[in-house]
Amino acid sequence: MTVSNASVTPLAGRAAPDRRTSASRPGTRTKTSEDSLRSRDKSGYLFVAPFAVATGLFLVVPTLYGLWMSFTNQSLTGTGSEFIGFANYAEAFSDPQVWQTLGNTVWFTILSTIPLVLVALVMAVLVHTGLPGQWVWRMSFFAPYLLTSAVVWHLSNWMFQPDIGLLDTWIKGLGLQPLGWLTDENVAMFSIAGVTVWWTVGFNFLLYLAALQGIPAQQYEAATIDGAGGWRRLFSITLPQLRPITGVILVLQLLASLKVFDQIYLLTMGGPNGSTRPILEYIYDTGFTNYRLGYASAISYVFFALILVFTLVRLLPTKKEA
Amino acid sequence: MTVLRGRGVPGQGSPVIASRTRSRAESSGGLSRRDLLRAALVGAGGVALGGTLAGCATPDAAGSGRTGVMIWDLFSGGDGALMQEMVGVVASANPDIAVESTTLAWGPPYYTKLAMASSGGKPPEAAVMHMSRLAGYAPGGLLEPFDLDKLAELGVGQEHFAPAVWEKAQFDGQLYALPLDTHPYIVFNNPTIVQEAGLATADGKLDLDALAGADNFLAAGRTLAEVTGETGVGWGYQRDPAGCWRMFWGLYSQNGGGYELTPGRPAALDEEAAAEVFEFLQAMVDGTVAAKNQDGNAASARFMAERTGMMFAGEWDLPMFREALPDVGATPFPAIFDTPANYADSHAFVLPRQEQADPAAREATYQVLAGLLKEGLTWASAGHIPAYQPIVEEPAYQELTPQRDYAAAAEVAVFDPDAWFTGGGSDFQVRMADAMTDTLAGEAPPRTAVTRMLSEMDRFLALPDPA
């Protein structure tokens with residue numbers, strides 16, 4: 001669902017010329033090639049086959065196998081594949097670690113999603129209203145998104161370094177107490193969310209910018225003629241026109257934030273005192289470090305169900321809008 | 001999270017590309033697209049197939065008539081190069097064996113890979129493991145015991161190892177691990193600063209007697225801090241679960257603390273002894289004796305920049321420190337409490353269970369492993385104390401400084417508690433460190449750490465043993 005949603009906007013601008021060229025072609029063309037069209041329909045399956053096989057092998061089969069495992073006491077060491085019914089699920093629902101780490105994941109999602117949408121919007125509007133040197137802004141806002149999590153970890157790890165790090169040095173320069181960026185329970189999640197915003201905001205920025213460029217210029221022209229000022233145009237044209245893309249960005253961002261793992265695993269490993277451990281790390285630790293694959297599968301499925309419910313709820317109003 | 005985004009991007013681009021390709025193909029008579037795709041498919045298939053085949057082949061054993069022996073190790077630090085050197089020596093001494101050593105990054109993923117390879121039935125012939133992880137591996141049938149007679153033929157036997165280490169390598173009366181070294185958690189020192197602080201013995205070494213006892217140690221730390229103008233002792237505990245655990249467990253053992261970790265029963269520690277350890281650590285991390293809020297990187301950086309006089313670290317950091325401080329000194333862990341004890345772990349070779357054991361490969365594996373043990377002198381230059389005692393007794397080893405100065409640590413080595421979930425690179429160490437960080441940072445009383453550790457231990461004990 002996310003993919004098809006995402007494909008809507010950037011296309012809008014580019015697909016238009018294509019449509020125009022095909023419309024200008026003679027209409028007879030489609031009739032003569034009707035036969036070949038039909039045979040092409042079949043060859044279509046062939047084209048889809050490699051993807052279908054790969055999806056089947058690497059997505060569908062493992063997903064179903066994971067579901068089966070969640071009903072067994074399968075261990076990574078190869079032992080125990082007996083069917084144990086809903087015992088894993090019962091354990092997951094009564095395991096405080098599941099709820100605590102799920103809470104952390106939700107907390108991170110809240111902390112990261114709001115700025116990731118708002119900051120992206122502000123940056124896109126600023127760039128679009130005509131800051132000089134657009135491409136420089138575009139590039140510098142988007143560039144961090146191209147880094148891998150390992151690079152982001154290295155950079156932020158040294159900046160957050162207690163005592164000798166860049167941030168602590170600045171803070172001490174201001175005469176304030178150094179902060180436990182990654183070592184204080186009350187601060188660590190904010191630090192990680194901050195890094196994440198810096199790292200990934202470029203993607204949302206790009207989506208917003210594309211949508212901004214898709215707003216017809218005539219609307220602004222008409223408004224200007226009617227005497228509307230810059231702020232009026234922003235609130236009456238720009239922001240309302242961005243509502244659909246905001247919906248898309250919000251869903252994409254929520255799903256991306258719920259999947260948080262790498263930057264936390266690299267920066268804090270879930271510490272201090274478990275305050276940043278996301279549910280995916282708990283699943284990873286349970287399955288791969290403590291070898292309890294069956295139980296880890298069960299927790300994954302509980303998490304999966306929650307995301308599914310959330311996505312479906314989000315899907316309902318979208319349909320109405322359309 | 002990147003994966004989702006990555007998937008989204010091609011999804012956006014592809015329709016445009018597809019429509020463009022179509023119009024071009026129509027105009028040029030639909031020529032090359034199919035051929036191109038077919039060629040690409042064949043090419044991709046070839047690559048995939050080639051990759052798999054290459055992955056299957058055992059180290060150039062195929063065709064050459066030599067027996068292949070694959071060894072996995074976890075020496076991704078400076079000691080990795082030494083292991084390669086030793087493998088090279090052993091390989092040239094055994095021309096009929098093709099030895100291939102693969103170095104994987106240390107940490108929880110290493111043990112995941114090893115367990116998966118073993119349960120998959122196609123593991124390497126031998127692997128390096130921390131002895132502290134043996135309790136999680138041997139009982140589950142992931143490993144095979146060593147044949148003592150075969151080892152004896154190659155000149156390796158019980159009499160060649162320290163009793164504590166040999167004992168730790170046993171399970172169910174059989175030898176499951178062939179110890180390569182003991183690597184204790186020790187204290188490094190900067191001889192110049194130590195001299196200036198008046199903490200050196202007549203021969204210029206750190207005077208351990210002057211550091212004995214918590215009060216003496218803290219006083220010495222303050223003296224060192226006066227000399228450096230910053231801190232006296234380096235210890236990075238933030239975001240270093242292993243460092244926290246090594247320090248705690250070593251000191252707790254010095255304080256005579258025992259433990260009970262029996263599945264199905266509540267965990268038991270000597271809470272008084274544990275709280276005393278944390279009282280001492282809180283007193284040490286006061287901003288003068290040792291820096292507050294410091295992590296491993298910062299502590300090492302400070303020590304190498306001569307801004308601190310001593311440093312708690314594993315002996316494997318020796319090559320790194322020696323680069324910055326050529327005359328760096330090292331001693332066993334100081335006696336803060338009364339019982340002689342020094343936290344240590346041990347690298348050992350193990351034999352992952354083979355689905356179909358190849359006697360020739362097994363024979364060759366024994367030969368290679370025995371050869372590697374006897375190359376222990378090379379290994380010692382990384383800082384590790386060779387487990388194979390004939391090496392330690394060699395005059396050449398006795399000349400290695402500062403290695404010989406802390407070799408005594410192996411005699412009082414204490415290992416991780418025995419349970420399936422403990423050991424180097426385990427989730428257990430991460431959780432224990434988590435439980436103690438608030439206390440170490442001075443934000444919670446010593447008892448809090450003890451209570452939290454006990455409740456985490458209880459959680460582990462309640463889990464079913466996956467093996």
# chains A, B, ... in the order shown; residues from 1 in each chain; ligands from 1

call {"tool": "select_by_dssp", "arguments": {"residues": "stretch 253-320 of chain A", "states": "helix (DSSP H, G or I)", "output": "PyMOL selection string"}}
result
chain A and resi 253-258+262-267+279-289+293-320

call {"tool": "select_by_dssp", "arguments": {"residues": "stretch 144-277 of chain B", "states": "strand (DSSP E)", "output": "list of chain:residue names"}}
result
B:Glu144, B:Gln170, B:Phe171, B:Gln174, B:Leu175, B:Leu178, B:Pro179, B:Asp181, B:Thr182, B:His183, B:Pro184, B:Tyr185, B:Ile186, B:Val187, B:Phe188, B:Asn189, B:Val233, B:Gly234, B:Tyr259, B:Glu260, B:Ala268, B:Leu269

call {"tool": "interface_residues", "arguments": {"of": "chain A", "to": "chain B", "cutoff": "6 Å", "atoms": "only C-alpha atoms", "output": "ChimeraX atom specification"}}
result
/A:3,7,75,77-78,162,256,259-260,271-273,288

call {"tool": "residues_around", "arguments": {"residues": "B:Leu224", "least_positions_apart": "6", "cutoff": "12 Å", "atoms": "only C-alpha atoms", "output": "PyMOL selection string"}}
result
chain B and resi 189-200+206+211+217-218+230-234+288-290+306-311

call {"tool": "decode", "arguments": {"residues": "stretch 132-229 of chain B", "atoms": "C-alpha atoms", "output": "tab-separated table (two decimals), in the first residue's frame"}}
result
chain	number	residue	atom	x	y	z
B	132	SER	CA	32.62	-18.19	29.03
B	133	ARG	CA	30.14	-19.18	26.31
B	134	LEU	CA	30.82	-22.88	26.63
B	135	ALA	CA	27.94	-23.44	29.03
B	136	GLY	CA	25.53	-22.26	26.37
B	137	TYR	CA	26.99	-24.43	23.65
B	138	ALA	CA	28.31	-27.73	24.93
B	139	PRO	CA	25.11	-29.03	26.57
B	140	GLY	CA	23.02	-28.35	23.48
B	141	GLY	CA	25.02	-30.66	21.28
B	142	LEU	CA	26.41	-27.86	19.14
B	143	LEU	CA	29.97	-28.94	19.87
B	144	GLU	CA	31.89	-32.17	19.84
B	145	PRO	CA	34.34	-33.11	22.59
B	146	PHE	CA	38.07	-33.41	21.91
B	147	ASP	CA	39.70	-36.79	21.80
B	148	LEU	CA	42.35	-36.62	24.54
B	149	ASP	CA	44.38	-39.48	23.08
B	150	LYS	CA	44.70	-37.75	19.76
B	151	LEU	CA	45.72	-34.54	21.47
B	152	ALA	CA	48.28	-36.42	23.55
B	153	GLU	CA	49.84	-37.80	20.37
B	154	LEU	CA	50.36	-34.21	19.29
B	155	GLY	CA	51.94	-33.21	22.58
B	156	VAL	CA	48.96	-31.49	24.12
B	157	GLY	CA	47.57	-32.64	27.46
B	158	GLN	CA	46.10	-31.59	30.76
B	159	GLU	CA	49.56	-31.04	32.28
B	160	HIS	CA	50.17	-28.21	29.81
B	161	PHE	CA	47.38	-25.96	31.06
B	162	ALA	CA	46.63	-24.05	34.25
B	163	PRO	CA	44.18	-26.10	36.34
B	164	ALA	CA	41.51	-23.35	36.50
B	165	VAL	CA	41.51	-22.98	32.74
B	166	TRP	CA	41.45	-26.72	32.08
B	167	GLU	CA	38.62	-27.08	34.55
B	168	LYS	CA	36.59	-24.38	32.79
B	169	ALA	CA	37.03	-26.15	29.44
B	170	GLN	CA	35.29	-29.31	30.69
B	171	PHE	CA	31.69	-30.25	30.40
B	172	ASP	CA	30.26	-33.52	31.59
B	173	GLY	CA	33.75	-34.91	32.15
B	174	GLN	CA	34.88	-34.25	28.62
B	175	LEU	CA	37.09	-31.59	27.07
B	176	TYR	CA	34.97	-29.34	24.85
B	177	ALA	CA	37.36	-26.45	24.40
B	178	LEU	CA	41.06	-26.30	23.69
B	179	PRO	CA	42.26	-23.14	25.48
B	180	LEU	CA	44.37	-20.79	23.39
B	181	ASP	CA	44.90	-18.01	25.88
B	182	THR	CA	43.72	-16.29	29.02
B	183	HIS	CA	42.89	-12.65	28.59
B	184	PRO	CA	42.44	-10.86	31.89
B	185	TYR	CA	41.04	-7.42	32.59
B	186	ILE	CA	44.05	-5.56	33.92
B	187	VAL	CA	45.38	-2.10	34.67
B	188	PHE	CA	47.75	-0.28	32.33
B	189	ASN	CA	49.93	2.56	33.53
B	190	ASN	CA	51.99	5.40	32.21
B	191	PRO	CA	55.40	4.89	33.88
B	192	THR	CA	56.36	8.56	33.68
B	193	ILE	CA	53.24	9.72	35.49
B	194	VAL	CA	53.47	6.85	37.98
B	195	GLN	CA	57.09	7.80	38.79
B	196	GLU	CA	56.17	11.40	39.29
B	197	ALA	CA	53.31	10.47	41.60
B	198	GLY	CA	55.71	8.38	43.70
B	199	LEU	CA	53.79	5.17	43.04
B	200	ALA	CA	56.65	3.26	41.42
B	201	THR	CA	58.76	0.49	42.87
B	202	ALA	CA	62.55	0.63	42.81
B	203	ASP	CA	62.66	-0.86	39.29
B	204	GLY	CA	60.28	1.74	37.90
B	205	LYS	CA	57.14	-0.41	37.79
B	206	LEU	CA	53.74	0.43	39.25
B	207	ASP	CA	53.75	-0.50	42.93
B	208	LEU	CA	50.68	-2.70	43.35
B	209	ASP	CA	51.14	-2.79	47.14
B	210	ALA	CA	50.57	0.95	47.25
B	211	LEU	CA	47.23	0.42	45.48
B	212	ALA	CA	45.98	-2.41	47.71
B	213	GLY	CA	42.72	-1.66	49.47
B	214	ALA	CA	39.96	0.65	48.35
B	215	ASP	CA	41.16	3.67	50.34
B	216	ASN	CA	44.75	3.35	49.17
B	217	PHE	CA	43.61	2.96	45.60
B	218	LEU	CA	41.46	6.07	45.71
B	219	ALA	CA	44.26	8.05	47.37
B	220	ALA	CA	46.67	6.90	44.67
B	221	GLY	CA	44.15	7.95	42.04
B	222	ARG	CA	44.00	11.43	43.52
B	223	THR	CA	47.78	11.69	43.57
B	224	LEU	CA	47.90	10.68	39.91
B	225	ALA	CA	45.23	13.26	39.14
B	226	GLU	CA	47.37	15.95	40.73
B	227	VAL	CA	50.24	14.99	38.43
B	228	THR	CA	48.14	14.93	35.25
B	229	GLY	CA	46.00	17.88	36.23
